[in-house]
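Asker: To be precise about what I am sending: the file is called model07.cif and holds mmCIF, C-alpha atoms.
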data_structure
#
loop_
_atom_site.group_PDB
_atom_site.id
_atom_site.type_symbol
_atom_site.label_atom_id
_atom_site.label_comp_id
_atom_site.auth_asym_id
_atom_site.auth_seq_id
_atom_site.Cartn_x
_atom_site.Cartn_y
_atom_site.Cartn_z
ATOM 1 C CA MET Y 1 0.000 0.000 0.000
ATOM 2 C CA THR Y 2 1.239 3.474 -0.872
ATOM 3 C CA ILE Y 3 -0.035 6.607 0.858
ATOM 4 C CA LEU Y 4 0.541 9.937 -0.870
ATOM 5 C CA HIS Y 5 0.483 12.665 1.791
ATOM 6 C CA ILE Y 6 -0.010 16.171 0.414
ATOM 7 C CA ASP Y 7 0.243 19.276 2.604
ATOM 8 C CA SER Y 8 -0.543 22.717 1.203
ATOM 9 C CA SER Y 9 -0.711 25.088 4.173
ATOM 10 C CA ILE Y 10 1.752 27.957 4.431
ATOM 11 C CA ASN Y 11 1.316 28.070 8.236
ATOM 12 C CA GLY Y 12 4.016 25.544 9.126
ATOM 13 C CA THR Y 13 3.717 24.131 12.639
ATOM 14 C CA ASN Y 14 0.637 26.320 13.340
ATOM 15 C CA SER Y 15 -1.340 24.614 10.575
ATOM 16 C CA VAL Y 16 -4.434 22.675 11.588
ATOM 17 C CA SER Y 17 -4.734 21.005 8.170
ATOM 18 C CA ARG Y 18 -1.162 19.699 8.598
ATOM 19 C CA LEU Y 19 -1.992 18.483 12.098
ATOM 20 C CA LEU Y 20 -5.049 16.637 10.793
ATOM 21 C CA SER Y 21 -3.466 15.231 7.630
ATOM 22 C CA GLY Y 22 -0.594 13.920 9.759
ATOM 23 C CA ALA Y 23 -3.093 12.323 12.149
ATOM 24 C CA VAL Y 24 -4.868 10.635 9.217
ATOM 25 C CA VAL Y 25 -1.584 9.244 7.884
ATOM 26 C CA ASP Y 26 -0.586 8.058 11.369
ATOM 27 C CA ARG Y 27 -3.954 6.342 11.793
ATOM 28 C CA ILE Y 28 -3.680 4.550 8.442
ATOM 29 C CA LYS Y 29 -0.079 3.553 9.195
ATOM 30 C CA SER Y 30 -1.162 2.109 12.548
ATOM 31 C CA GLN Y 31 -3.546 -0.167 10.647
ATOM 32 C CA SER Y 32 -1.121 -0.926 7.790
ATOM 33 C CA PRO Y 33 2.406 -0.647 9.258
ATOM 34 C CA LYS Y 34 4.072 -1.719 6.004
ATOM 35 C CA ALA Y 35 2.452 1.075 4.018
ATOM 36 C CA GLU Y 36 4.889 3.355 2.224
ATOM 37 C CA VAL Y 37 4.319 7.089 2.715
ATOM 38 C CA VAL Y 38 5.326 9.620 0.081
ATOM 39 C CA HIS Y 39 5.073 13.165 1.434
ATOM 40 C CA ARG Y 40 4.842 16.257 -0.760
ATOM 41 C CA ASP Y 41 4.863 19.578 1.090
ATOM 42 C CA LEU Y 42 3.448 22.164 -1.279
ATOM 43 C CA GLY Y 43 3.505 24.915 1.336
ATOM 44 C CA THR Y 44 7.249 24.640 1.881
ATOM 45 C CA TYR Y 45 8.155 23.451 -1.625
ATOM 46 C CA PRO Y 46 5.466 24.860 -3.938
ATOM 47 C CA LEU Y 47 5.165 23.804 -7.525
ATOM 48 C CA PRO Y 48 5.226 26.687 -9.987
ATOM 49 C CA HIS Y 49 2.004 27.518 -11.773
ATOM 50 C CA LEU Y 50 1.384 25.197 -14.695
ATOM 51 C CA THR Y 51 2.904 25.999 -18.063
ATOM 52 C CA LEU Y 52 2.675 24.115 -21.347
ATOM 53 C CA GLN Y 53 6.206 22.793 -20.864
ATOM 54 C CA ASP Y 54 5.170 21.212 -17.544
ATOM 55 C CA PHE Y 55 3.009 18.629 -19.330
ATOM 56 C CA ALA Y 56 6.193 16.835 -20.412
ATOM 57 C CA ASP Y 57 7.092 16.128 -16.773
ATOM 58 C CA THR Y 58 4.818 13.344 -15.483
ATOM 59 C CA THR Y 59 6.464 13.040 -12.050
ATOM 60 C CA VAL Y 60 3.509 14.470 -10.112
ATOM 61 C CA VAL Y 61 0.759 12.552 -11.937
ATOM 62 C CA ASP Y 62 2.768 9.319 -11.785
ATOM 63 C CA GLU Y 63 3.227 9.804 -8.027
ATOM 64 C CA PHE Y 64 -0.537 10.311 -7.697
ATOM 65 C CA LEU Y 65 -1.426 7.274 -9.806
ATOM 66 C CA ALA Y 66 0.974 5.071 -7.807
ATOM 67 C CA ALA Y 67 -0.881 5.847 -4.559
ATOM 68 C CA ASP Y 68 -3.631 3.661 -3.115
ATOM 69 C CA THR Y 69 -4.644 6.357 -0.634
ATOM 70 C CA VAL Y 70 -4.125 10.106 -0.952
ATOM 71 C CA VAL Y 71 -4.311 12.264 2.180
ATOM 72 C CA ILE Y 72 -4.552 15.990 1.461
ATOM 73 C CA GLY Y 73 -4.133 18.776 3.990
ATOM 74 C CA ALA Y 74 -6.283 21.529 2.482
ATOM 75 C CA PRO Y 75 -6.861 24.762 4.377
ATOM 76 C CA MET Y 76 -9.507 27.134 3.071
ATOM 77 C CA TYR Y 77 -7.965 30.339 1.765
ATOM 78 C CA ASN Y 78 -10.391 33.009 0.575
ATOM 79 C CA PHE Y 79 -13.237 30.486 0.167
ATOM 80 C CA GLY Y 80 -11.186 28.033 -1.939
ATOM 81 C CA VAL Y 81 -8.067 25.887 -1.991
ATOM 82 C CA PRO Y 82 -4.571 27.382 -1.708
ATOM 83 C CA SER Y 83 -2.910 28.189 -5.022
ATOM 84 C CA GLN Y 84 -0.132 25.759 -4.033
ATOM 85 C CA LEU Y 85 -2.680 22.937 -3.994
ATOM 86 C CA LYS Y 86 -4.268 24.152 -7.231
ATOM 87 C CA ALA Y 87 -0.857 23.957 -8.959
ATOM 88 C CA TRP Y 88 -0.609 20.296 -7.861
ATOM 89 C CA LEU Y 89 -4.174 19.537 -8.972
ATOM 90 C CA ASP Y 90 -3.409 21.056 -12.382
ATOM 91 C CA ARG Y 91 -0.604 18.521 -12.790
ATOM 92 C CA ILE Y 92 -2.748 15.483 -12.030
ATOM 93 C CA ALA Y 93 -5.670 16.344 -14.327
ATOM 94 C CA ILE Y 94 -4.093 14.971 -17.485
ATOM 95 C CA SER Y 95 -6.232 13.876 -20.437
ATOM 96 C CA GLY Y 96 -5.442 10.280 -21.302
ATOM 97 C CA LYS Y 97 -3.966 9.555 -17.861
ATOM 98 C CA THR Y 98 -6.526 10.539 -15.211
ATOM 99 C CA PHE Y 99 -9.516 11.294 -17.450
ATOM 100 C CA ARG Y 100 -10.558 11.170 -21.074
ATOM 101 C CA TYR Y 101 -13.264 12.625 -23.240
ATOM 102 C CA THR Y 102 -15.656 10.242 -24.962
ATOM 103 C CA GLU Y 103 -18.700 10.603 -27.185
ATOM 104 C CA LYS Y 104 -20.768 10.422 -23.996
ATOM 105 C CA GLY Y 105 -18.719 13.059 -22.166
ATOM 106 C CA PRO Y 106 -15.761 12.949 -19.785
ATOM 107 C CA GLU Y 107 -14.740 9.678 -18.144
ATOM 108 C CA GLY Y 108 -12.536 9.482 -15.072
ATOM 109 C CA LEU Y 109 -9.610 7.073 -15.253
ATOM 110 C CA ALA Y 110 -8.185 7.490 -11.737
ATOM 111 C CA GLY Y 111 -10.781 5.586 -9.702
ATOM 112 C CA GLY Y 112 -9.857 2.829 -7.322
ATOM 113 C CA ARG Y 113 -8.048 4.989 -4.796
ATOM 114 C CA LYS Y 114 -9.213 6.569 -1.581
ATOM 115 C CA ILE Y 115 -8.914 10.311 -0.958
ATOM 116 C CA ILE Y 116 -9.131 11.817 2.532
ATOM 117 C CA VAL Y 117 -9.065 15.606 2.732
ATOM 118 C CA ALA Y 118 -8.104 17.238 6.041
ATOM 119 C CA SER Y 119 -9.829 20.602 5.780
ATOM 120 C CA SER Y 120 -9.344 23.605 8.043
ATOM 121 C CA ARG Y 121 -11.429 26.782 8.001
ATOM 122 C CA GLY Y 122 -11.423 29.936 10.074
ATOM 123 C CA GLY Y 123 -15.209 30.305 9.879
ATOM 124 C CA PHE Y 124 -18.208 28.038 9.400
ATOM 125 C CA PHE Y 125 -18.911 27.036 5.800
ATOM 126 C CA GLY Y 126 -20.361 23.541 6.194
ATOM 127 C CA PRO Y 127 -23.758 22.438 4.962
ATOM 128 C CA GLY Y 128 -26.546 24.442 6.591
ATOM 129 C CA SER Y 129 -24.313 27.298 7.723
ATOM 130 C CA PRO Y 130 -25.145 30.856 6.610
ATOM 131 C CA ALA Y 131 -21.887 30.968 4.607
ATOM 132 C CA ALA Y 132 -22.247 27.528 2.978
ATOM 133 C CA ALA Y 133 -22.636 29.116 -0.482
ATOM 134 C CA LEU Y 134 -19.103 30.510 -0.125
ATOM 135 C CA ASP Y 135 -17.549 27.048 0.206
ATOM 136 C CA HIS Y 136 -15.548 26.743 -2.999
ATOM 137 C CA GLN Y 137 -13.019 24.494 -1.287
ATOM 138 C CA GLU Y 138 -14.884 21.281 -0.553
ATOM 139 C CA SER Y 139 -17.259 21.603 -3.503
ATOM 140 C CA TYR Y 140 -14.301 22.157 -5.845
ATOM 141 C CA LEU Y 141 -12.396 19.139 -4.508
ATOM 142 C CA ARG Y 142 -15.483 16.904 -4.719
ATOM 143 C CA GLY Y 143 -16.090 17.986 -8.313
ATOM 144 C CA PHE Y 144 -12.432 17.731 -9.290
ATOM 145 C CA PHE Y 145 -11.864 14.227 -7.933
ATOM 146 C CA GLY Y 146 -15.259 13.072 -9.193
ATOM 147 C CA PHE Y 147 -14.207 14.216 -12.676
ATOM 148 C CA LEU Y 148 -11.154 11.959 -12.329
ATOM 149 C CA GLY Y 149 -13.418 9.025 -11.466
ATOM 150 C CA ILE Y 150 -12.712 8.926 -7.741
ATOM 151 C CA THR Y 151 -15.782 8.039 -5.711
ATOM 152 C CA ASP Y 152 -14.104 7.125 -2.406
ATOM 153 C CA LEU Y 153 -13.661 10.661 -1.048
ATOM 154 C CA ASP Y 154 -14.010 11.755 2.574
ATOM 155 C CA PHE Y 155 -13.440 14.994 4.473
ATOM 156 C CA VAL Y 156 -12.208 15.626 7.991
ATOM 157 C CA ARG Y 157 -13.210 19.198 8.709
ATOM 158 C CA ALA Y 158 -12.144 21.622 11.460
ATOM 159 C CA GLU Y 159 -14.294 24.758 11.251
ATOM 160 C CA GLY Y 160 -14.491 27.931 13.309
ATOM 161 C CA LEU Y 161 -10.757 27.984 14.002
ATOM 162 C CA ALA Y 162 -10.632 31.789 14.011
ATOM 163 C CA MET Y 163 -13.539 32.124 16.459
ATOM 164 C CA GLY Y 164 -11.349 32.141 19.561
ATOM 165 C CA PRO Y 165 -9.150 29.648 21.427
ATOM 166 C CA GLU Y 166 -12.036 27.646 22.878
ATOM 167 C CA ALA Y 167 -13.733 27.239 19.492
ATOM 168 C CA ARG Y 168 -10.391 26.296 17.918
ATOM 169 C CA ASP Y 169 -9.691 23.627 20.533
ATOM 170 C CA LYS Y 170 -13.218 22.231 20.226
ATOM 171 C CA ALA Y 171 -12.953 22.057 16.415
ATOM 172 C CA ILE Y 172 -9.615 20.241 16.554
ATOM 173 C CA VAL Y 173 -10.882 17.692 19.085
ATOM 174 C CA ALA Y 174 -13.970 16.987 16.943
ATOM 175 C CA ALA Y 175 -11.892 16.669 13.766
ATOM 176 C CA LYS Y 176 -9.464 14.255 15.452
ATOM 177 C CA LYS Y 177 -12.425 12.029 16.386
ATOM 178 C CA ASP Y 178 -13.437 12.133 12.732
ATOM 179 C CA VAL Y 179 -9.905 11.094 11.743
ATOM 180 C CA HIS Y 180 -10.315 7.809 13.587
ATOM 181 C CA ARG Y 181 -13.724 7.168 12.025
ATOM 182 C CA LEU Y 182 -12.676 7.916 8.426
ATOM 183 C CA ALA Y 183 -9.233 6.371 8.483
ATOM 184 C CA ALA Y 184 -10.724 3.138 9.835
ATOM 185 C CA ALA Y 185 -13.264 2.861 7.008
#
Can you present the structure in this file as structure tokens?
Answerer:
Amino acid sequence: MTILHIDSSINGTNSVSRLLSGAVVDRIKSQSPKAEVVHRDLGTYPLPHLTLQDFADTTVVDEFLAADTVVIGAPMYNFGVPSQLKAWLDRIAISGKTFRYTEKGPEGLAGGRKIIVASSRGGFFGPGSPAAALDHQESYLRGFFGFLGITDLDFVRAEGLAMGPEARDKAIVAAKKDVHRLAAA
């Protein structure tokens, strides 16, 4: 089993998405000790924005396709994903490798792997919240991975992190409980 661990936060050791993505990887490793972990830190070592010449380098998409499970630390920045994560996503959406167009429309070719997204948000954007319509993070990732044919997609979400220390602590505790539930599935 290969686990691809992607972090995209620029907050270093203060990052909740990093804390949660690390907890997910640790939980999976505790269940599958022989699993190989490949870690890509896009916050510390960002990929440049995609150019036409970048399509010749298949390193990132090959790394993705080699993984059985992909764990993504994805903080919400300005209602969406960080540009560092977007640059990585641009490199894995490759026609003929992870999707293709057919007479019936697009077909995902990257199914068969599990994706767990460790999401962190300063406010409340989950379903039913007043700001739910501004969630272009989770909806984007669901649509993106669905386009690639991935149906096994789960989110661990810590919301309200900027609402004070007590709210932050409560959100992290709840998300860590979710880590154990999702990583065990």
Asker: Give the centre and edge lengths of an axis-aligned box, in Å to one decimal, that holds all listed atoms of stretch 101-111 of chain Y with 5 Å on each side, as JSON.
Answerer:
{"center_x": -14.5, "center_y": 9.3, "center_z": -18.4, "size_x": 22.6, "size_y": 17.5, "size_z": 27.5}
Asker: Could I get the residues of stretch 87-155 of chain Y with an atom no further than 7 Å from an atom of stretch 46-65 of chain Y, each paired with its nearest atom pair and that distance in Å to one decimal, using all atoms listed in the file, sorted by chain and residue number, as JSON lines?
Answerer:
{"residue": "Y:Ala87", "atom": "CA", "partner": "Y:His49", "partner_atom": "CA", "distance": 5.4}
{"residue": "Y:Trp88", "atom": "CA", "partner": "Y:Leu47", "partner_atom": "CA", "distance": 6.8}
{"residue": "Y:Asp90", "atom": "CA", "partner": "Y:Leu50", "partner_atom": "CA", "distance": 6.7}
{"residue": "Y:Arg91", "atom": "CA", "partner": "Y:Val61", "partner_atom": "CA", "distance": 6.2}
{"residue": "Y:Ile92", "atom": "CA", "partner": "Y:Val61", "partner_atom": "CA", "distance": 4.6}
Asker: Would you mind exporting C-alpha atoms of the selected residues as a PDB file, in the coordinates of the input?
Answerer:
ATOM      1  CA  ALA Y  87      -0.857  23.957  -8.959  1.00  0.00           C
ATOM      2  CA  TRP Y  88      -0.609  20.296  -7.861  1.00  0.00           C
ATOM      3  CA  ASP Y  90      -3.409  21.056 -12.382  1.00  0.00           C
ATOM      4  CA  ARG Y  91      -0.604  18.521 -12.790  1.00  0.00           C
ATOM      5  CA  ILE Y  92      -2.748  15.483 -12.030  1.00  0.00           C
TER       6      ILE Y  92
END
Asker: Using the chain letters and numbers from the file, give me the residues hit by the PyMOL selection byres ((chain Y and resi 17) around 6), as a list of chain:residue names.
Answerer: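 Residues picked by the PyMOL selection byres ((chain Y and resi 17) around 6): Y:Ser15, Y:Val16, Y:Arg18, Y:Leu19, Y:Leu20, Y:Ser21, Y:Gly73, Y:Ala74, Y:Pro75, Y:Ala118, Y:Ser119, Y:Ser120.
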Asker: Could you save the residues just selected, with C-alpha atoms, as a compact mmCIF listing (two decimals), in the coordinates of the input?
Answerer:
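File written: result.txt
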# COMPACT_ATOMS: atom_id res chain seq x y z
CA SER Y 15 -1.34 24.61 10.58
CA VAL Y 16 -4.43 22.68 11.59
CA ARG Y 18 -1.16 19.70 8.60
CA LEU Y 19 -1.99 18.48 12.10
CA LEU Y 20 -5.05 16.64 10.79
CA SER Y 21 -3.47 15.23 7.63
CA GLY Y 73 -4.13 18.78 3.99
CA ALA Y 74 -6.28 21.53 2.48
CA PRO Y 75 -6.86 24.76 4.38
CA ALA Y 118 -8.10 17.24 6.04
CA SER Y 119 -9.83 20.60 5.78
CA SER Y 120 -9.34 23.60 8.04
Asker: Where does the PyMOL selection byres ((chain Y and resi 172) around 12) land in this file, that is, which residues does it pick, as a ChimeraX atom specification?
Answerer: /Y:15-21,23,118-122,156-162,165-171,173-179
Asker: Suppose a student applies the PyMOL selection byres ((chain Y and resi 1) around 12) to this structure; what residues should they get, written as a list in words?
Answerer: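 For this structure, the PyMOL selection byres ((chain Y and resi 1) around 12) resolves to Thr2, Ile3, Leu4, Ile28, Lys29, Gln31, Ser32, Pro33, Lys34, Ala35, Glu36, Val37, Val38, Ala66, Ala67, Asp68, Thr69, Val70, Arg113 and Lys114 of chain Y.
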Asker: Output C-alpha atoms for every residue in that selection, as a compact mmCIF listing (two decimals), in the frame of the given file.
Answerer:
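Writing the result to result.txt gives the following:
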# COMPACT_ATOMS: atom_id res chain seq x y z
CA THR Y 2 1.24 3.47 -0.87
CA ILE Y 3 -0.04 6.61 0.86
CA LEU Y 4 0.54 9.94 -0.87
CA ILE Y 28 -3.68 4.55 8.44
CA LYS Y 29 -0.08 3.55 9.20
CA GLN Y 31 -3.55 -0.17 10.65
CA SER Y 32 -1.12 -0.93 7.79
CA PRO Y 33 2.41 -0.65 9.26
CA LYS Y 34 4.07 -1.72 6.00
CA ALA Y 35 2.45 1.08 4.02
CA GLU Y 36 4.89 3.36 2.22
CA VAL Y 37 4.32 7.09 2.72
CA VAL Y 38 5.33 9.62 0.08
CA ALA Y 66 0.97 5.07 -7.81
CA ALA Y 67 -0.88 5.85 -4.56
CA ASP Y 68 -3.63 3.66 -3.12
CA THR Y 69 -4.64 6.36 -0.63
CA VAL Y 70 -4.12 10.11 -0.95
CA ARG Y 113 -8.05 4.99 -4.80
CA LYS Y 114 -9.21 6.57 -1.58
Asker: Counting all atoms listed in the file, which residues come within 7 Å of (0.5, 27.3, -2.6), with the point read in the file's coordinates, and could you list them as a ChimeraX atom specification?
Answerer: /Y:8,42-43,46,82-85
Asker: What is the distance between atom CA of Y:Phe147 and atom CA of Y:Gly108, in Å to one decimal?
Answerer: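 Going from atom CA of Y:Phe147 over to atom CA of Y:Gly108, I get 5.6 Å.
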